[in-house]
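Source file: entry-v9.txt (compact mmCIF, C-alpha atoms)
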```
# COMPACT_ATOMS: atom_id res chain seq x y z
CA MET P 3 6.97 2.40 -44.02
CA ILE P 4 7.25 2.81 -47.77
CA TYR P 5 10.53 1.79 -49.39
CA GLU P 6 12.02 2.42 -52.82
CA PHE P 7 13.84 -0.59 -54.31
CA GLN P 8 15.98 -0.54 -57.47
CA GLY P 9 14.24 2.63 -58.61
CA TYR P 10 10.69 1.37 -57.98
CA ILE P 11 8.64 3.47 -55.59
CA PRO P 12 5.29 2.13 -54.37
CA VAL P 13 2.16 3.92 -55.58
CA VAL P 14 -0.49 4.29 -52.88
CA HIS P 15 -3.80 6.06 -53.51
CA GLU P 16 -4.38 8.85 -51.00
CA SER P 17 -7.60 7.25 -49.76
CA SER P 18 -5.76 4.10 -48.68
CA PHE P 19 -4.00 3.57 -45.37
CA VAL P 20 -0.67 1.85 -44.84
CA HIS P 21 0.09 1.46 -41.15
CA PRO P 22 3.50 2.90 -40.16
CA LEU P 23 4.52 -0.55 -38.88
CA ALA P 24 3.81 -2.20 -42.24
CA ALA P 25 6.49 -2.44 -44.95
CA VAL P 26 5.58 -1.77 -48.59
CA THR P 27 8.57 -2.15 -50.89
CA GLY P 28 9.29 -1.51 -54.56
CA ASN P 29 6.92 -2.18 -57.45
CA VAL P 30 3.63 -2.13 -55.55
CA ILE P 31 0.46 -0.38 -56.69
CA ILE P 32 -2.27 0.11 -54.09
CA GLY P 33 -5.69 1.32 -55.25
CA LYS P 34 -8.44 3.21 -53.46
CA ASN P 35 -9.73 2.51 -49.94
CA CYS P 36 -7.21 -0.23 -49.19
CA TYR P 37 -6.07 -1.08 -45.66
CA ILE P 38 -2.60 -2.44 -44.89
CA GLY P 39 -2.27 -3.46 -41.24
CA PRO P 40 0.70 -3.29 -38.88
CA GLY P 41 3.29 -5.99 -39.44
CA ALA P 42 2.19 -6.62 -43.03
CA ALA P 43 4.97 -6.96 -45.60
CA ILE P 44 4.17 -6.35 -49.27
CA ARG P 45 7.40 -6.93 -51.18
CA GLY P 46 7.45 -5.80 -54.78
CA ASP P 47 11.20 -6.29 -55.01
CA TRP P 48 11.17 -9.19 -57.51
CA GLY P 49 7.93 -8.45 -59.37
CA GLN P 50 4.88 -6.22 -59.45
CA ILE P 51 2.12 -6.49 -56.86
CA ILE P 52 -1.21 -4.81 -57.60
CA LEU P 53 -3.86 -4.32 -54.94
CA GLU P 54 -7.04 -3.19 -56.64
CA ASP P 55 -9.59 -0.93 -54.94
CA GLY P 56 -10.96 -1.97 -51.57
CA VAL P 57 -8.40 -4.69 -50.78
CA ASN P 58 -7.31 -5.25 -47.21
CA VAL P 59 -4.12 -6.99 -46.12
CA GLN P 60 -4.34 -7.40 -42.38
CA GLU P 61 -1.81 -7.61 -39.57
CA ASN P 62 1.30 -9.78 -40.07
CA CYS P 63 0.46 -10.85 -43.63
CA THR P 64 3.13 -11.42 -46.27
CA VAL P 65 2.62 -10.79 -49.98
CA HIS P 66 5.61 -11.80 -52.12
CA MET P 67 6.64 -14.01 -55.07
CA PHE P 68 9.50 -15.74 -56.91
CA PRO P 69 11.61 -13.50 -59.17
CA GLY P 70 9.95 -12.49 -62.42
CA LYS P 71 6.37 -13.08 -61.28
CA SER P 72 3.71 -10.40 -60.90
CA ILE P 73 0.45 -10.81 -59.00
CA THR P 74 -2.88 -9.10 -58.52
CA LEU P 75 -5.21 -9.02 -55.55
CA LYS P 76 -8.47 -8.04 -57.23
CA GLU P 77 -11.08 -5.59 -56.00
CA SER P 78 -12.32 -6.19 -52.43
CA ALA P 79 -10.02 -9.17 -51.78
CA HIS P 80 -9.82 -9.69 -48.01
CA VAL P 81 -6.61 -11.19 -46.59
CA GLY P 82 -6.99 -12.23 -42.93
CA HIS P 83 -4.46 -11.86 -40.14
CA GLY P 84 -1.20 -13.71 -40.63
CA ALA P 85 -1.92 -15.06 -44.11
CA ILE P 86 0.85 -15.59 -46.68
CA ILE P 87 0.20 -14.93 -50.37
CA HIS P 88 3.28 -16.12 -52.26
CA GLY P 89 3.03 -15.58 -55.99
CA ALA P 90 -0.72 -16.24 -56.12
CA ASN P 91 -3.52 -14.22 -57.72
CA LEU P 92 -6.67 -13.49 -55.73
CA GLY P 93 -10.08 -13.01 -57.30
CA ARG P 94 -12.59 -10.25 -56.74
CA ASN P 95 -14.32 -10.15 -53.34
CA CYS P 96 -12.63 -13.30 -52.04
CA LEU P 97 -11.87 -13.99 -48.38
CA ILE P 98 -8.56 -15.53 -47.33
CA GLY P 99 -8.78 -16.83 -43.77
CA MET P 100 -6.33 -16.17 -40.98
CA ASN P 101 -2.94 -17.92 -41.20
CA THR P 102 -3.73 -19.37 -44.62
CA VAL P 103 -0.82 -20.02 -47.01
CA ILE P 104 -1.41 -19.70 -50.77
CA MET P 105 1.51 -20.75 -52.93
CA ASP P 106 2.98 -19.74 -56.28
CA ASP P 107 0.84 -19.60 -59.42
CA ALA P 108 -2.30 -20.55 -57.51
CA VAL P 109 -5.44 -18.74 -58.64
CA ILE P 110 -8.27 -18.09 -56.21
CA GLY P 111 -11.49 -17.36 -58.09
CA ASP P 112 -13.93 -14.52 -57.54
CA GLU P 113 -16.04 -14.64 -54.36
CA CYS P 114 -14.21 -17.66 -52.92
CA ILE P 115 -13.88 -18.19 -49.19
CA VAL P 116 -10.69 -19.93 -48.06
CA GLY P 117 -10.89 -21.14 -44.47
CA ALA P 118 -8.41 -20.26 -41.75
CA MET P 119 -5.09 -22.15 -41.78
CA ALA P 120 -5.70 -23.67 -45.21
CA PHE P 121 -2.71 -24.56 -47.40
CA VAL P 122 -3.29 -23.99 -51.11
CA LYS P 123 -0.62 -25.78 -53.16
CA ALA P 124 1.25 -24.15 -56.04
CA GLU P 125 -0.60 -23.97 -59.36
CA THR P 126 -3.96 -24.83 -57.77
CA VAL P 127 -6.90 -23.19 -59.57
CA ILE P 128 -9.94 -22.64 -57.37
CA PRO P 129 -13.18 -21.98 -59.30
CA ASN P 130 -15.33 -18.94 -58.53
CA ARG P 131 -17.62 -19.10 -55.49
CA SER P 132 -15.82 -22.06 -53.87
CA LEU P 133 -15.52 -22.74 -50.13
CA VAL P 134 -12.03 -24.10 -49.54
CA VAL P 135 -10.57 -25.66 -46.38
CA GLY P 136 -7.78 -27.93 -45.19
CA ASN P 137 -4.15 -28.89 -45.73
CA PRO P 138 -3.90 -29.49 -48.60
CA ALA P 139 -6.85 -27.25 -49.35
CA LYS P 140 -9.89 -28.75 -51.04
CA VAL P 141 -13.16 -27.33 -52.32
CA ILE P 142 -15.94 -28.62 -50.06
CA LYS P 143 -18.93 -26.74 -51.46
CA GLN P 144 -20.11 -23.61 -53.22
CA VAL P 145 -20.34 -20.28 -51.45
CA SER P 146 -23.98 -19.33 -50.89
CA ASP P 147 -25.47 -15.90 -51.49
CA GLU P 148 -25.82 -15.56 -47.71
CA MET P 149 -22.13 -16.36 -47.13
CA ILE P 150 -20.89 -13.89 -49.71
CA ALA P 151 -23.25 -11.22 -48.34
CA TRP P 152 -21.69 -11.74 -44.88
CA LYS P 153 -18.19 -11.54 -46.36
CA THR P 154 -19.01 -8.39 -48.33
CA LYS P 155 -20.37 -6.64 -45.23
CA GLY P 156 -17.25 -7.53 -43.27
CA THR P 157 -14.99 -6.23 -46.02
CA ALA P 158 -16.96 -2.99 -46.10
CA LEU P 159 -15.76 -2.34 -42.54
CA TYR P 160 -12.17 -2.64 -43.74
CA GLN P 161 -12.94 -0.33 -46.65
CA GLN P 162 -14.13 2.29 -44.15
CA LEU P 163 -11.12 1.73 -41.88
CA PRO P 164 -8.59 3.72 -43.98
CA ALA P 165 -10.68 6.89 -43.65
CA ASP P 166 -11.13 6.25 -39.92
CA CYS P 167 -7.38 5.76 -39.51
CA HIS P 168 -6.53 8.92 -41.46
CA LYS P 169 -8.96 10.85 -39.29
CA THR P 170 -8.29 9.49 -35.80
CA LEU P 171 -5.21 7.24 -35.54
CA LYS P 172 -2.27 8.87 -33.78
CA ALA P 173 0.63 7.82 -31.59
CA VAL P 174 0.02 8.68 -27.92
CA GLU P 175 1.29 7.92 -24.45
CA PRO P 176 -0.90 5.36 -22.65
CA LEU P 177 -3.34 6.34 -19.94
CA ARG P 178 -2.44 5.10 -16.46
CA GLU P 179 -5.98 4.25 -15.43
CA VAL P 180 -9.28 3.48 -17.13
CA PRO P 181 -11.48 6.57 -17.61
CA GLU P 182 -14.69 6.41 -15.60
CA HIS P 183 -17.02 6.60 -18.59
CA MET P 184 -14.98 4.77 -21.22
CA LYS P 185 -17.15 3.73 -24.18
CA ILE P 186 -16.94 0.45 -26.03
CA GLN P 187 -17.35 0.00 -29.78
CA GLU P 188 -20.46 -2.23 -29.75
CA ASP P 189 -22.71 0.45 -31.22
CA VAL P 190 -20.26 1.26 -34.01
CA TYR P 191 -19.42 -2.13 -35.50
CA LYS P 192 -22.57 -4.25 -35.62
CA THR P 193 -22.06 -6.04 -38.92
CA LEU P 194 -21.59 -9.63 -37.77
CA ARG P 195 -24.24 -9.48 -35.04
CA ASP P 196 -26.79 -7.85 -37.34
CA PHE P 197 -26.11 -10.36 -40.08
CA MET P 198 -26.53 -13.33 -37.74
CA LYS P 199 -29.96 -12.08 -36.60
CA LYS P 200 -31.37 -12.35 -40.12
```
Could you take the file, read its structure, and then write that structure out as structure tokens?
Amino acid sequence: MIYEFQGYIPVVHESSFVHPLAAVTGNVIIGKNCYIGPGAAIRGDWGQIILEDGVNVQENCTVHMFPGKSITLKESAHVGHGAIIHGANLGRNCLIGMNTVIMDDAVIGDECIVGAMAFVKAETVIPNRSLVVGNPAKVIKQVSDEMIAWKTKGTALYQQLPADCHKTLKAVEPLREVPEHMKIQEDVYKTLRDFMKK
């Protein structure tokens, strides 16, 4: 759902997809080919939140901040399931792992990978191309070309997902038995498997 707050109405590019079970509130600007999953909450009630083109904010994520702050999730930022971005800025083509928490005034550099369940303290500045893990989060090495290629391919799937959702997602009643010739998605989404073969 999209909510006006104190006169601010979210701006969502028509190519992006906000799931009906997500909540986007107030001063939020969402660019092209962005995906906002069910259960996500993007609250621009106390400041502006910008999602540049190709960003995905997956299921059950929270994006918010203290009053008077504004934040940007730069192009192709990838926010995994259950992550919390609270007043932090995310660099271009970064990956934020599942259930990670990134606190106020932290800056995640371009092409960083932050591991699942990491805790990034307030005001932490992570240099570009860093691999970050732990609680508190620490840089353990640089992101390789191979790692960022894998990340970029995975994000491309999420950049295709808005168009797929606009085209095929609809509320239905469930089937009561499995169809005899039900297909699986293996032949559609090969990115990870194909990458690992190389």
For CA of Val135 (chain P) and CA of Tyr37 (chain P), determine how far apart the two atoms are, in Å to one decimal place.
->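 For CA of Val135 (chain P) relative to CA of Tyr37 (chain P), the distance reads 25.0 Å.
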Find the residue from P:Val103, P:Leu97, P:Cys167, P:Leu159 that sits nearest to Ser18 (chain P); use all atoms listed in the file when measuring.
->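 Looking only at the distances to Ser18 (chain P), the closest residue turns out to be P:Cys167.
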From P:Gln50, P:Val57, P:His21, P:Asn29, residue lying nearest Gln161 (chain P) [only C-alpha atoms] |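 Among the listed residues, the smallest separation from Gln161 (chain P) belongs to P:Val57.
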Quick one: pull the distance between CA of Glu61 (chain P) and CA of Val180 (chain P), Å, one decimal.
-> 26.1 Å
With all atoms listed in the file as the atoms that count, which of P:Ile73, P:Ile38, P:Ala43, P:Val174 lies nearest to Val59 (chain P)?
->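 Smallest distance to Val59 (chain P) is found for P:Ile38.
Counting only C-alpha atoms, the residue from P:Pro129, P:Gly56, P:Gly111, P:Gly49 that sits nearest to Gly89 (chain P) is P:Gly49.
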Choose the residue, out of P:Glu125, P:Glu77, P:Glu6, P:Glu175, that has the smallest atom-to-atom separation from Gly46 (chain P); count all atoms listed in the file.
->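 Nearest candidate to Gly46 (chain P) out of P:Glu125, P:Glu77, P:Glu6, P:Glu175: P:Glu6.
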Close residues, Gln8 (chain P) itself excluded, 10 Å, all atoms listed in the file, min 5 positions apart in chain, as a ChimeraX atom specification = /P:28-29,47-48
Top pick for closest residue to Gly70 (chain P), considering P:Val20, P:Ile51, P:Cys36, P:Met100 and counting only C-alpha atoms =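 Once distances to Gly70 (chain P) are computed over only C-alpha atoms, the minimum belongs to P:Ile51.
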Non-local contacts of Ala42 (chain P) (10 Å; all atoms listed in the file; under 5 positions in same chain excluded) as a PyMOL selection string | chain P and resi 20-21+23-26+59-65+83-86
How many Å separate CA of Ala151 (chain P) from CA of Asn35 (chain P)?
-> 19.3 Å
Considering only C-alpha atoms, return as a PyMOL selection string whatever protein or nucleic-acid residues lie within 12 Å of Asp107 (chain P), sequence-local ones (same chain, fewer than 3 positions apart) excluded.
-> chain P and resi 66-68+70-74+87-92+104+110+122-128
